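Participant: Okay, so here is query.cif, and as you'll see once you scroll down, it has mmCIF, C-alpha atoms.
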```cif
data_protein
loop_
_atom_site.label_atom_id
_atom_site.label_comp_id
_atom_site.auth_asym_id
_atom_site.auth_seq_id
_atom_site.Cartn_x
_atom_site.Cartn_y
_atom_site.Cartn_z
CA MET A 1 -55.52 -53.37 2.69
CA LEU A 2 -51.82 -53.38 3.59
CA ALA A 3 -50.97 -54.18 -0.03
CA GLU A 4 -53.02 -51.19 -1.21
CA TRP A 5 -51.31 -48.89 1.33
CA VAL A 6 -47.82 -50.04 0.19
CA LYS A 7 -48.80 -49.60 -3.46
CA GLU A 8 -50.10 -46.09 -2.74
CA LYS A 9 -46.88 -45.14 -0.89
CA LYS A 10 -44.75 -46.43 -3.77
CA GLU A 11 -46.72 -44.34 -6.26
CA LYS A 12 -46.34 -41.19 -4.08
CA LEU A 13 -42.61 -41.81 -3.71
CA GLY A 14 -42.25 -42.32 -7.45
CA THR A 15 -43.97 -39.05 -8.32
CA ARG A 16 -42.02 -37.16 -5.64
CA ALA A 17 -38.70 -38.59 -6.88
CA SER A 18 -39.49 -37.62 -10.48
CA GLY A 19 -40.46 -34.10 -9.25
CA GLU A 20 -37.13 -33.77 -7.44
CA LYS A 21 -35.28 -34.88 -10.56
CA ALA A 22 -37.13 -32.29 -12.65
CA TRP A 23 -36.35 -29.54 -10.09
CA PHE A 24 -32.66 -30.53 -10.07
CA LYS A 25 -32.50 -30.54 -13.87
CA SER A 26 -34.01 -27.06 -14.06
CA ASN A 27 -31.85 -25.56 -11.29
CA TRP A 28 -28.47 -27.29 -11.77
CA LEU A 29 -26.75 -24.07 -12.92
CA LEU A 30 -27.95 -22.19 -9.84
CA ILE A 31 -26.66 -24.97 -7.59
CA LEU A 32 -23.29 -24.96 -9.37
CA VAL A 33 -22.90 -21.17 -8.98
CA ALA A 34 -23.79 -21.42 -5.27
CA LEU A 35 -21.20 -24.17 -4.71
CA ILE A 36 -18.50 -22.14 -6.53
CA GLY A 37 -19.39 -19.09 -4.40
CA ILE A 38 -19.05 -21.10 -1.19
CA LEU A 39 -15.73 -22.49 -2.40
CA LEU A 40 -14.43 -18.97 -3.14
CA LEU A 41 -15.47 -17.77 0.31
CA LEU A 42 -13.55 -20.59 1.95
CA TRP A 43 -10.46 -20.24 -0.29
CA PRO A 44 -7.45 -18.80 1.61
CA THR A 45 -6.40 -15.36 0.39
CA SER A 46 -3.30 -14.60 2.45
CA PRO A 47 0.12 -15.76 1.21
CA PRO A 48 1.48 -18.84 2.91
CA VAL A 49 3.99 -18.23 5.68
CA GLU A 50 7.20 -20.19 5.39
CA SER A 51 7.77 -22.36 8.37
CA GLY A 52 11.26 -22.54 9.73
CA SER A 53 12.95 -22.69 13.06
CA GLY A 54 10.94 -20.47 15.35
CA GLU A 55 9.02 -17.66 13.74
CA GLY A 56 7.41 -17.64 10.32
CA ARG A 57 8.99 -15.25 7.83
CA VAL A 58 7.29 -13.15 5.21
CA GLN A 59 9.38 -11.72 2.40
CA GLU A 60 9.35 -7.94 2.58
CA GLU A 61 9.85 -5.69 -0.38
CA PRO A 62 11.84 -2.49 0.11
CA THR A 63 9.66 0.55 0.62
CA ALA A 64 10.14 3.98 -0.88
CA ASN A 65 11.43 5.11 2.52
CA SER A 66 14.26 2.55 2.50
CA PHE A 67 15.22 3.53 -1.06
CA SER A 68 15.46 7.23 -0.16
CA ARG A 69 17.26 6.43 3.08
CA ASN A 70 19.77 4.18 1.30
CA SER A 71 20.46 6.74 -1.43
CA LEU A 72 20.89 9.56 1.11
CA GLU A 73 23.16 7.46 3.30
CA GLY A 74 25.28 6.43 0.31
CA GLU A 75 25.63 10.02 -0.87
CA VAL A 76 26.67 11.28 2.57
CA GLU A 77 29.09 8.35 3.01
CA SER A 78 30.80 9.09 -0.30
CA ILE A 79 31.21 12.77 0.59
CA LEU A 80 32.42 12.18 4.16
CA SER A 81 34.92 9.54 3.10
CA GLN A 82 36.70 12.26 1.09
CA VAL A 83 37.44 14.26 4.25
CA GLU A 84 41.17 14.05 5.01
CA GLY A 85 41.83 11.53 7.76
CA ALA A 86 38.27 10.14 7.82
CA GLY A 87 39.10 6.74 6.28
CA ARG A 88 36.19 4.35 5.77
CA VAL A 89 32.84 5.91 6.68
CA LYS A 90 29.43 4.41 7.44
CA VAL A 91 26.35 6.62 7.86
CA SER A 92 22.95 5.83 9.35
CA LEU A 93 20.04 8.25 9.13
CA ALA A 94 16.90 8.55 11.25
CA LEU A 95 14.03 9.90 9.14
CA ALA A 96 10.79 11.39 10.44
CA SER A 97 8.98 10.94 7.13
CA ASP A 98 9.35 9.64 3.59
CA GLY A 99 9.16 13.14 2.21
CA VAL A 100 6.18 14.74 0.51
CA ARG A 101 5.05 14.57 -3.10
CA SER A 102 2.26 16.83 -4.27
CA TYR A 103 0.46 16.18 -7.55
CA ALA A 104 -1.72 18.50 -9.61
CA ILE A 105 -5.44 17.86 -9.28
CA ASN A 106 -8.15 18.36 -11.89
CA GLU A 107 -11.41 19.52 -10.37
CA LYS A 108 -14.63 19.27 -12.33
CA GLU A 109 -18.06 20.47 -11.29
CA GLU A 110 -21.16 19.69 -13.34
CA SER A 111 -24.56 21.21 -12.69
CA ARG A 112 -27.76 20.08 -14.32
CA GLU A 113 -31.33 21.24 -13.98
CA ILE A 114 -34.15 18.78 -14.60
CA GLN A 115 -37.72 19.96 -15.18
CA GLU A 116 -40.55 17.44 -15.16
CA GLY A 117 -44.25 17.84 -15.75
CA ASP A 118 -47.10 15.37 -15.34
CA LYS A 119 -50.49 14.93 -17.06
CA VAL A 120 -52.41 16.69 -14.30
CA GLY A 121 -50.39 19.89 -14.67
CA GLY A 122 -47.96 19.34 -11.81
CA PHE A 123 -44.43 20.58 -12.27
CA ARG A 124 -41.19 19.59 -10.57
CA LYS A 125 -37.76 21.18 -10.88
CA THR A 126 -34.61 19.36 -9.69
CA ASN A 127 -31.00 20.58 -9.56
CA GLU A 128 -28.13 18.08 -9.56
CA THR A 129 -24.52 19.03 -8.88
CA ASN A 130 -21.61 16.61 -9.28
CA HIS A 131 -18.16 17.54 -8.01
CA SER A 132 -15.19 15.34 -8.90
CA GLN A 133 -11.44 15.45 -8.38
CA ASP A 134 -8.73 13.37 -9.98
CA VAL A 135 -4.98 13.53 -10.33
CA ALA A 136 -3.84 15.47 -13.38
CA VAL A 137 -1.84 13.35 -15.81
CA PHE A 138 0.81 14.46 -18.23
CA GLY A 139 1.83 12.78 -21.47
CA SER A 140 1.69 9.02 -21.16
CA GLN A 141 -0.67 8.90 -18.18
CA THR A 142 1.99 9.83 -15.57
CA PRO A 143 0.80 12.05 -12.71
CA LEU A 144 1.94 15.67 -12.87
CA LEU A 145 4.27 16.25 -9.90
CA ILE A 146 4.22 19.86 -8.73
CA GLU A 147 6.20 19.62 -5.48
CA LYS A 148 8.66 17.17 -3.98
CA LYS A 149 10.12 17.57 -0.50
CA SER A 150 13.01 15.46 0.72
CA PRO A 151 12.62 13.24 3.79
CA GLN A 152 13.00 15.01 7.12
CA VAL A 153 16.20 13.88 8.88
CA THR A 154 15.92 13.70 12.68
CA GLY A 155 19.33 12.24 13.49
CA VAL A 156 22.61 11.13 11.93
CA LEU A 157 25.12 8.55 13.13
CA VAL A 158 28.56 8.47 11.49
CA VAL A 159 31.10 5.72 12.13
CA ALA A 160 34.52 6.50 10.70
CA ASP A 161 38.06 5.13 10.97
CA GLY A 162 39.52 8.57 11.71
CA ALA A 163 36.94 9.60 14.33
CA ASP A 164 39.53 8.98 17.09
CA ASN A 165 41.10 12.29 16.07
CA PRO A 166 39.09 15.19 17.57
CA VAL A 167 39.86 17.45 14.59
CA VAL A 168 38.52 14.86 12.11
CA ARG A 169 35.48 14.26 14.34
CA GLU A 170 34.73 18.00 14.38
CA GLN A 171 35.15 18.24 10.60
CA LEU A 172 32.79 15.29 10.03
CA THR A 173 30.19 16.78 12.41
CA ASP A 174 30.37 20.16 10.66
CA ALA A 175 30.05 18.51 7.26
CA VAL A 176 26.95 16.55 8.31
CA VAL A 177 25.36 19.62 9.91
CA THR A 178 25.91 21.57 6.69
CA LEU A 179 24.83 18.78 4.32
CA MET A 180 21.76 17.55 6.17
CA ASN A 181 20.63 20.83 7.78
CA VAL A 182 20.32 19.25 11.23
CA PRO A 183 21.45 20.77 14.53
CA PRO A 184 24.84 19.56 15.86
CA HIS A 185 23.28 17.89 18.90
CA LYS A 186 21.50 15.43 16.54
CA VAL A 187 24.78 14.28 14.95
CA ARG A 188 27.04 11.62 16.51
CA VAL A 189 30.44 10.77 15.07
CA LEU A 190 32.01 7.63 16.53
CA PRO A 191 35.28 5.76 15.83
CA ARG A 192 35.09 2.43 14.04
CA GLN A 193 35.69 -0.61 16.24
CA GLY A 194 39.22 -2.02 16.05
CA THR A 195 41.00 1.05 14.71
#
```
Turn this file's structure into structure tokens for me.

Facilitator:
Amino acid sequence: MLAEWVKEKKEKLGTRASGEKAWFKSNWLLILVALIGILLLLWPTSPPVESGSGEGRVQEEPTANSFSRNSLEGEVESILSQVEGAGRVKVSLALASDGVRSYAINEKEESREIQEGDKVGGFRKTNETNHSQDVAVFGSQTPLLIEKKSPQVTGVLVVADGADNPVVREQLTDAVVTLMNVPPHKVRVLPRQGT
């Protein structure tokens, strides 16, 4: 009786094992896709942070704001350095915004009326309206710029060799007020250290 029971269990295990093998053979692609999906979910997506002494550093790319700020500062520096008695000049600007760029927009509205009838004589009328907007492009797929406003300057700091002289300081302040269209109380002209 025990021998029959063992033989019966072996037969059941054999048929179950062959059934599992058949299921695996028929579903191996599904299992592979599921494993790849799980792997992609667990894969890190953020860039690695360099470890150094203290804090981790992430390399930053210059933004449009820093480019406009640098070009404005350089332009003002080159002009102010030509003022008689100013000497070497360094300018720092405080900006409220990056400036504004407005692009032309294409608007498209499509309306469609659908009429349906059924075998019994019923009738249904449906109206669909689609409204879309996209940026207008010109030539080789470049957006059509219609307005560009310069960044808004909220303060100017000028450090110059000749700022010890009150006349030169006044001339530099007047020049900045005129160039940048900022009130005089938002302009500071200071002498360079060690002059």

Participant: Can you translate the PyMOL selection byres ((chain A and resi 107) around 6) into the concrete residues it hits in this file, as a VMD selection string?

Facilitator: chain A and resid 106 108 132 to 133

Participant: Mind giving me the straight-line distance from CA of Leu172 in chain A to CA of Asp98 in chain A in Å, one decimal?

Facilitator: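 Interatomic distance, CA of Leu172 in chain A to CA of Asp98 in chain A: 25.0 Å.
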
Participant: Which one of A:Glu170, A:Lys186, A:Glu84, A:Glu113 sits closest to Thr126 in chain A if you count only C-alpha atoms?

Facilitator: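 Nearest to Thr126 in chain A: A:Glu113.
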
Participant: Expand the PyMOL selection byres ((chain A and resi 139-153) around 6) into the individual residues it matches in the shown file, reporting them as a CSV table (one decimal) with C-alpha atoms, keeping the file's coordinate frame.

Facilitator:
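Now in result.csv:
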```
chain,number,residue,atom,x,y,z
A,94,ALA,CA,16.9,8.6,11.2
A,95,LEU,CA,14.0,9.9,9.1
A,96,ALA,CA,10.8,11.4,10.4
A,97,SER,CA,9.0,10.9,7.1
A,98,ASP,CA,9.4,9.6,3.6
A,99,GLY,CA,9.2,13.1,2.2
A,100,VAL,CA,6.2,14.7,0.5
A,101,ARG,CA,5.0,14.6,-3.1
A,102,SER,CA,2.3,16.8,-4.3
A,103,TYR,CA,0.5,16.2,-7.6
A,104,ALA,CA,-1.7,18.5,-9.6
A,136,ALA,CA,-3.8,15.5,-13.4
A,137,VAL,CA,-1.8,13.4,-15.8
A,138,PHE,CA,0.8,14.5,-18.2
A,154,THR,CA,15.9,13.7,12.7
A,155,GLY,CA,19.3,12.2,13.5
```

Participant: Might you pull out every residue within 12 Å of Glu128 in chain A, with all atoms listed in the file counted and same-chain residues fewer than 5 positions away left off, and present them as a list in words?

Facilitator: Glu109, Glu110, Ser111, Arg112, Glu113, Ile114 and Gln115 of chain A

Participant: Show me, as a ChimeraX atom specification, the residues that have an atom within 10 Å of Pro191 in chain A when counting only C-alpha atoms, minus same-chain residues fewer than 2 positions from it.

Facilitator: /A:86,89,158-165,169,189,193-195

Participant: Env of Glu75 in chain A: 12 Å cut, atoms = all atoms listed in the file, seq-sep filter 6 positions within chain, self excluded. Answer as a list in words.

Facilitator: Ser68, Arg69, Ser81, Gln82, Val89, Lys90, Val91, Ser92, Leu93, Val176, Leu179 and Met180 of chain A

Participant: Calculate how many Å separate CA of Leu72 in chain A from CA of Thr178 in chain A, rounding to one decimal.

Facilitator: 14.2 Å
